[in-house]
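Pasting work22.txt here (compact mmCIF, C-alpha atoms):
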# COMPACT_ATOMS: atom_id res chain seq x y z
CA MET H 191 5.07 -14.62 -21.59
CA ILE H 192 3.95 -12.82 -18.44
CA GLN H 193 6.09 -11.32 -15.71
CA LEU H 194 5.27 -12.63 -12.24
CA ILE H 195 6.25 -10.51 -9.23
CA TYR H 196 6.21 -11.77 -5.63
CA LEU H 197 6.26 -9.31 -2.76
CA ALA H 198 6.77 -9.19 1.01
CA ARG H 199 6.00 -12.39 2.93
CA LEU H 200 5.05 -14.25 -0.27
CA ARG H 201 8.45 -13.48 -1.84
CA GLU H 202 10.20 -14.97 1.17
CA ALA H 203 7.92 -18.00 1.42
CA LEU H 204 8.28 -18.81 -2.29
CA GLY H 205 11.98 -17.96 -2.38
CA THR H 206 11.77 -15.80 -5.50
CA SER H 207 11.00 -12.18 -6.33
CA LYS H 208 10.13 -12.51 -10.01
CA GLU H 209 10.00 -14.85 -12.97
CA GLU H 210 8.88 -14.91 -16.57
CA VAL H 211 6.49 -17.69 -17.49
CA GLU H 212 4.75 -18.88 -20.62
CA LEU H 213 1.04 -19.24 -19.87
CA PRO H 214 -0.61 -22.52 -20.80
CA ARG H 215 -3.34 -22.05 -23.40
CA ASP H 216 -6.17 -22.61 -20.91
CA VAL H 217 -4.91 -20.07 -18.34
CA GLY H 218 -6.64 -16.78 -19.03
CA THR H 219 -7.73 -15.41 -15.65
CA VAL H 220 -6.24 -14.69 -12.23
CA ALA H 221 -8.09 -17.68 -10.74
CA ALA H 222 -6.73 -20.00 -13.44
CA LEU H 223 -3.23 -18.62 -12.98
CA LEU H 224 -3.32 -19.29 -9.22
CA ALA H 225 -4.66 -22.80 -9.82
CA TRP H 226 -1.87 -23.46 -12.32
CA LEU H 227 0.83 -22.16 -9.94
CA ARG H 228 -0.55 -24.41 -7.18
CA THR H 229 0.18 -27.47 -9.33
CA ARG H 230 3.88 -26.79 -8.68
CA GLY H 231 3.21 -28.22 -5.19
CA GLY H 232 5.27 -27.51 -2.07
CA ALA H 233 5.28 -23.88 -0.93
CA TRP H 234 3.28 -22.91 -4.02
CA ALA H 235 0.40 -25.19 -3.14
CA ALA H 236 0.54 -24.12 0.53
CA GLU H 237 0.92 -20.36 0.11
CA LEU H 238 -1.57 -20.00 -2.73
CA ALA H 239 -4.12 -22.46 -1.33
CA PRO H 240 -7.76 -21.37 -1.54
CA GLY H 241 -8.61 -19.45 1.62
CA ARG H 242 -5.12 -18.00 2.03
CA ALA H 243 -5.06 -14.21 1.93
CA VAL H 244 -3.34 -13.62 -1.41
CA ARG H 245 -3.88 -10.38 -3.29
CA VAL H 246 -3.23 -10.09 -7.02
CA ALA H 247 -2.53 -7.04 -9.16
CA VAL H 248 -2.50 -7.07 -12.97
CA ASN H 249 -0.54 -4.24 -14.58
CA TYR H 250 -0.54 -2.25 -11.30
CA ASP H 251 -4.29 -2.51 -10.72
CA MET H 252 -5.90 -4.68 -8.06
CA ALA H 253 -7.39 -7.73 -9.71
CA ARG H 254 -10.20 -10.16 -8.92
CA ALA H 255 -10.50 -13.88 -9.58
CA ASP H 256 -12.08 -13.27 -12.99
CA THR H 257 -9.65 -10.54 -14.13
CA PRO H 258 -8.12 -11.55 -17.49
CA VAL H 259 -4.41 -12.35 -17.70
CA THR H 260 -2.78 -12.21 -21.12
CA ALA H 261 0.70 -12.27 -22.65
CA GLY H 262 2.74 -9.18 -21.80
CA ASP H 263 1.03 -8.58 -18.45
CA GLU H 264 2.83 -7.92 -15.19
CA VAL H 265 1.08 -9.92 -12.48
CA ALA H 266 1.99 -9.35 -8.84
CA LEU H 267 1.11 -11.64 -5.93
CA PHE H 268 1.25 -10.31 -2.37
CA PRO H 269 -0.32 -10.50 1.10
CA PRO H 270 -2.89 -7.95 2.34
CA VAL H 271 -1.23 -4.53 2.65
CA THR H 272 -0.01 -3.10 5.97
CA GLY H 273 1.28 0.41 5.26
CA GLY H 274 0.48 3.73 6.88
CA MET B 258 -1.11 16.61 -6.29
CA PRO B 259 2.33 15.58 -5.10
CA ILE B 260 2.80 11.94 -4.12
CA ARG B 261 6.17 10.77 -2.90
CA VAL B 262 7.50 7.41 -1.78
CA GLN B 263 10.91 7.96 -0.23
CA THR B 264 13.45 6.55 2.23
CA GLY B 265 14.32 9.91 3.79
CA ASP B 266 12.47 11.78 6.53
CA PHE B 267 10.22 14.79 5.85
CA ASP B 268 9.86 18.22 7.45
CA ILE B 269 6.18 18.87 8.17
CA ALA B 270 6.45 22.66 8.33
CA ARG B 271 8.31 22.88 5.05
CA GLU B 272 5.93 20.46 3.28
CA ILE B 273 2.82 22.33 4.44
CA ALA B 274 4.29 25.70 3.47
CA ALA B 275 5.17 24.38 0.02
CA LEU B 276 1.68 22.94 -0.52
CA ARG B 277 -0.04 26.16 0.61
CA GLY B 278 2.16 28.51 -1.35
CA ASP B 279 0.46 31.91 -1.36
CA ASP B 280 -3.01 30.55 -2.15
CA ALA B 281 -5.36 32.87 -0.23
CA ARG B 282 -8.41 30.67 -1.02
CA ILE B 283 -7.17 28.17 1.57
CA GLY B 284 -8.94 28.48 4.91
CA ALA B 285 -8.09 25.05 6.33
CA VAL B 286 -5.15 22.67 6.30
CA ALA B 287 -5.62 19.18 7.76
CA ALA B 288 -2.53 17.03 8.29
CA PHE B 289 -2.03 13.47 9.51
CA ILE B 290 1.36 12.12 10.54
CA GLY B 291 1.79 8.38 11.15
CA LEU B 292 4.61 7.32 13.49
CA VAL B 293 6.42 4.08 14.33
CA ARG B 294 5.40 2.86 17.79
CA ASP B 295 7.65 0.82 20.04
CA ILE B 296 4.95 -1.77 20.66
CA ASN B 297 2.57 -3.65 18.35
CA ASP B 298 0.12 -6.39 19.39
CA SER B 299 1.78 -6.23 22.84
CA ALA B 300 5.25 -7.14 21.49
CA PRO B 301 8.11 -4.64 21.71
CA VAL B 302 9.33 -3.48 18.31
CA GLY B 303 13.00 -2.66 17.69
CA LYS B 304 13.11 -1.85 14.01
CA LEU B 305 10.68 -1.80 11.14
CA ALA B 306 11.32 -2.47 7.46
CA LEU B 307 8.82 -1.07 4.98
CA GLU B 308 8.53 -2.53 1.51
CA HIS B 309 6.49 -1.31 -1.44
CA TYR B 310 5.74 -2.22 -5.05
CA PRO B 311 7.37 0.51 -7.17
CA GLY B 312 5.03 1.67 -9.90
CA MET B 313 1.85 0.30 -8.40
CA THR B 314 2.22 2.05 -5.05
CA GLU B 315 2.39 5.49 -6.65
CA LYS B 316 -0.50 4.64 -8.97
CA ALA B 317 -2.65 3.39 -6.09
CA LEU B 318 -1.95 6.52 -4.02
CA ALA B 319 -2.80 8.76 -6.99
CA GLY B 320 -6.08 6.87 -7.41
CA ILE B 321 -6.97 7.35 -3.74
CA VAL B 322 -6.20 11.08 -3.92
CA ASP B 323 -8.29 11.42 -7.10
CA GLU B 324 -11.18 9.69 -5.35
CA ALA B 325 -10.89 12.06 -2.37
CA LYS B 326 -10.87 15.08 -4.67
CA SER B 327 -13.98 13.85 -6.44
CA ARG B 328 -15.84 13.41 -3.13
CA TRP B 329 -14.83 16.58 -1.28
CA SER B 330 -14.18 20.13 -2.31
CA VAL B 331 -10.47 20.36 -1.55
CA TYR B 332 -7.73 22.33 -3.26
CA ASP B 333 -4.63 20.22 -2.98
CA VAL B 334 -3.29 17.04 -1.42
CA LEU B 335 0.18 15.88 -0.45
CA VAL B 336 1.01 12.27 0.41
CA ILE B 337 4.49 11.22 1.52
CA HIS B 338 5.12 7.61 2.56
CA ARG B 339 8.50 6.36 3.70
CA VAL B 340 9.99 2.96 2.87
CA GLY B 341 13.12 1.15 4.01
CA GLU B 342 14.33 0.77 7.57
CA LEU B 343 12.60 2.78 10.31
CA LYS B 344 12.72 2.79 14.11
CA PRO B 345 10.25 3.71 16.87
CA THR B 346 9.40 7.45 16.95
CA ASP B 347 10.22 7.82 13.21
CA GLN B 348 7.66 9.46 10.94
CA ILE B 349 6.19 6.98 8.41
CA VAL B 350 3.48 8.81 6.52
CA LEU B 351 2.23 12.35 5.95
CA VAL B 352 -1.10 13.37 4.43
CA VAL B 353 -1.87 17.07 4.01
CA VAL B 354 -5.12 18.44 2.58
CA THR B 355 -5.89 22.09 1.83
CA ALA B 356 -9.46 23.34 1.48
CA ALA B 357 -11.62 26.39 2.04
CA HIS B 358 -13.20 24.89 5.16
CA ARG B 359 -12.13 22.42 7.85
CA GLY B 360 -14.95 19.89 7.35
CA GLU B 361 -13.83 19.01 3.84
CA ALA B 362 -10.16 18.99 4.82
CA PHE B 363 -10.67 16.68 7.83
CA ALA B 364 -12.89 14.27 5.92
CA ALA B 365 -10.64 14.00 2.88
CA CYS B 366 -7.56 13.51 5.08
CA GLU B 367 -9.16 10.68 7.09
CA PHE B 368 -10.56 9.04 3.95
CA ILE B 369 -7.13 9.07 2.30
CA MET B 370 -5.52 7.44 5.35
CA ASP B 371 -8.24 4.79 5.67
CA TYR B 372 -7.93 3.89 1.99
CA LEU B 373 -4.13 4.00 2.07
CA LYS B 374 -4.10 1.49 4.95
CA THR B 375 -6.14 -1.04 2.98
CA ARG B 376 -5.32 -0.37 -0.70
CA ALA B 377 -1.82 1.02 -1.13
CA PRO B 378 0.81 -1.70 -1.56
CA PHE B 379 3.09 -1.29 1.45
CA TRP B 380 4.15 -4.04 3.82
CA LYS B 381 5.73 -3.79 7.27
CA LYS B 382 8.16 -6.26 8.75
CA GLU B 383 8.95 -5.87 12.43
CA GLN B 384 12.01 -6.84 14.38
CA THR B 385 10.96 -8.13 17.81
CA PRO B 386 12.82 -10.08 20.52
CA ALA B 387 11.24 -13.24 19.02
CA GLY B 388 12.70 -12.47 15.59
CA GLU B 389 11.47 -10.85 12.39
CA CYS B 390 7.82 -11.04 11.48
CA TRP B 391 5.56 -9.58 8.81
CA VAL B 392 2.78 -7.45 10.22
CA GLU B 393 -0.66 -8.99 9.65
CA ALA B 394 -3.43 -6.89 8.11
CA ARG B 395 -6.13 -5.84 10.59
CA ALA B 396 -9.85 -6.41 10.04
CA SER B 397 -10.48 -3.10 11.85
CA ASP B 398 -8.67 -1.28 9.04
CA ASP B 399 -11.00 -2.86 6.46
CA GLU B 400 -13.99 -1.78 8.55
CA LYS B 401 -12.71 1.80 8.74
CA ALA B 402 -12.22 1.94 4.97
CA ALA B 403 -15.69 0.47 4.36
CA ARG B 404 -17.35 3.37 6.24
CA TRP B 405 -16.68 5.70 3.33

Would you write the structure of this file as structure tokens?
Amino acid sequence: MIQLIYLARLREALGTSKEEVELPRDVGTVAALLAWLRTRGGAWAAELAPGRAVRVAVNYDMARADTPVTAGDEVALFPPVTGG
Amino acid sequence: MPIRVQTGDFDIAREIAALRGDDARIGAVAAFIGLVRDINDSAPVGKLALEHYPGMTEKALAGIVDEAKSRWSVYDVLVIHRVGELKPTDQIVLVVVTAAHRGEAFAACEFIMDYLKTRAPFWKKEQTPAGECWVEARASDDEKAARW
């Protein structure tokens, strides 16, 4: 299982702030996770579409497309940051 | 290296005094205070809601401060960032850097703000006459952070 966290505009667009999911066997990276979430269709396909500005953090560190995702991880999805 | 994410306001004089203590090595204190403006992208702003990602936000800020300390010879750094509901004229963020000389203090302070704007997980949502809207990230902020 991994914990998925959605923040800011993404949380509102997807209508959920967090969920626990069992990763399919072939999903082992951030890119694969996003591709798998897109297969849910609807807002998931639209908001996480390639080219959309989605940032991903794995266990509180900014991640890249090839960052590994494994059971027990906390993975957060959010838009580009706008603090300060 | 105090880092605080809080809903309440902060008192600049008290925070600077606490960071300085009685450290006579300090010859320069640089401080930046970010404020809520009443206009953004030419739309009037009534209120602002600031969201963060507890756990990661503090970790990201600590990483930015560590990076600043490795690049410049500074003594101490304080970062306070507010979250929750804010209104125009409110203080949002405070960065204070103490050093022996002003050059290091100014540079580290500006670096920390530029990195904070592009790497620390905070998000602003504005209330305007047209309704609520999430603030979009600015390319100019990425360019400022890339200078360093």

* B:Gly278, B:Arg395, B:Glu308, B:Cys366 ranked by distance to Arg201 of chain H, top pick (using only C-alpha atoms) -> B:Glu308

* To do: For chain B, work out the contacting residues on chain H at 12 Å, counting only C-alpha atoms, and write them as a count of residues only.
  => 32

* Asked: From the list H:Gly205, H:Val211, H:Gly241, H:Arg254, which residue is nearest Gln193 of chain H when using all atoms listed in the file?
  -> H:Val211

* To do: Show me as a PyMOL selection string the residues that reach within 7 Å of (-2.5, 16.2, -0.5), counting all atoms listed in the file and using the file's own coordinates.
  => chain B and resi 258-259+333-336+352-354

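Ranking B:Thr346, B:Asp266, B:Glu400, B:Ile273 by their shortest atom-to-atom distance to Val286 of chain B, with all atoms listed in the file included, puts B:Ile273 first.
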
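You will find atom CA of Val302 of chain B at 6.4 Å from atom CA of Glu383 of chain B.
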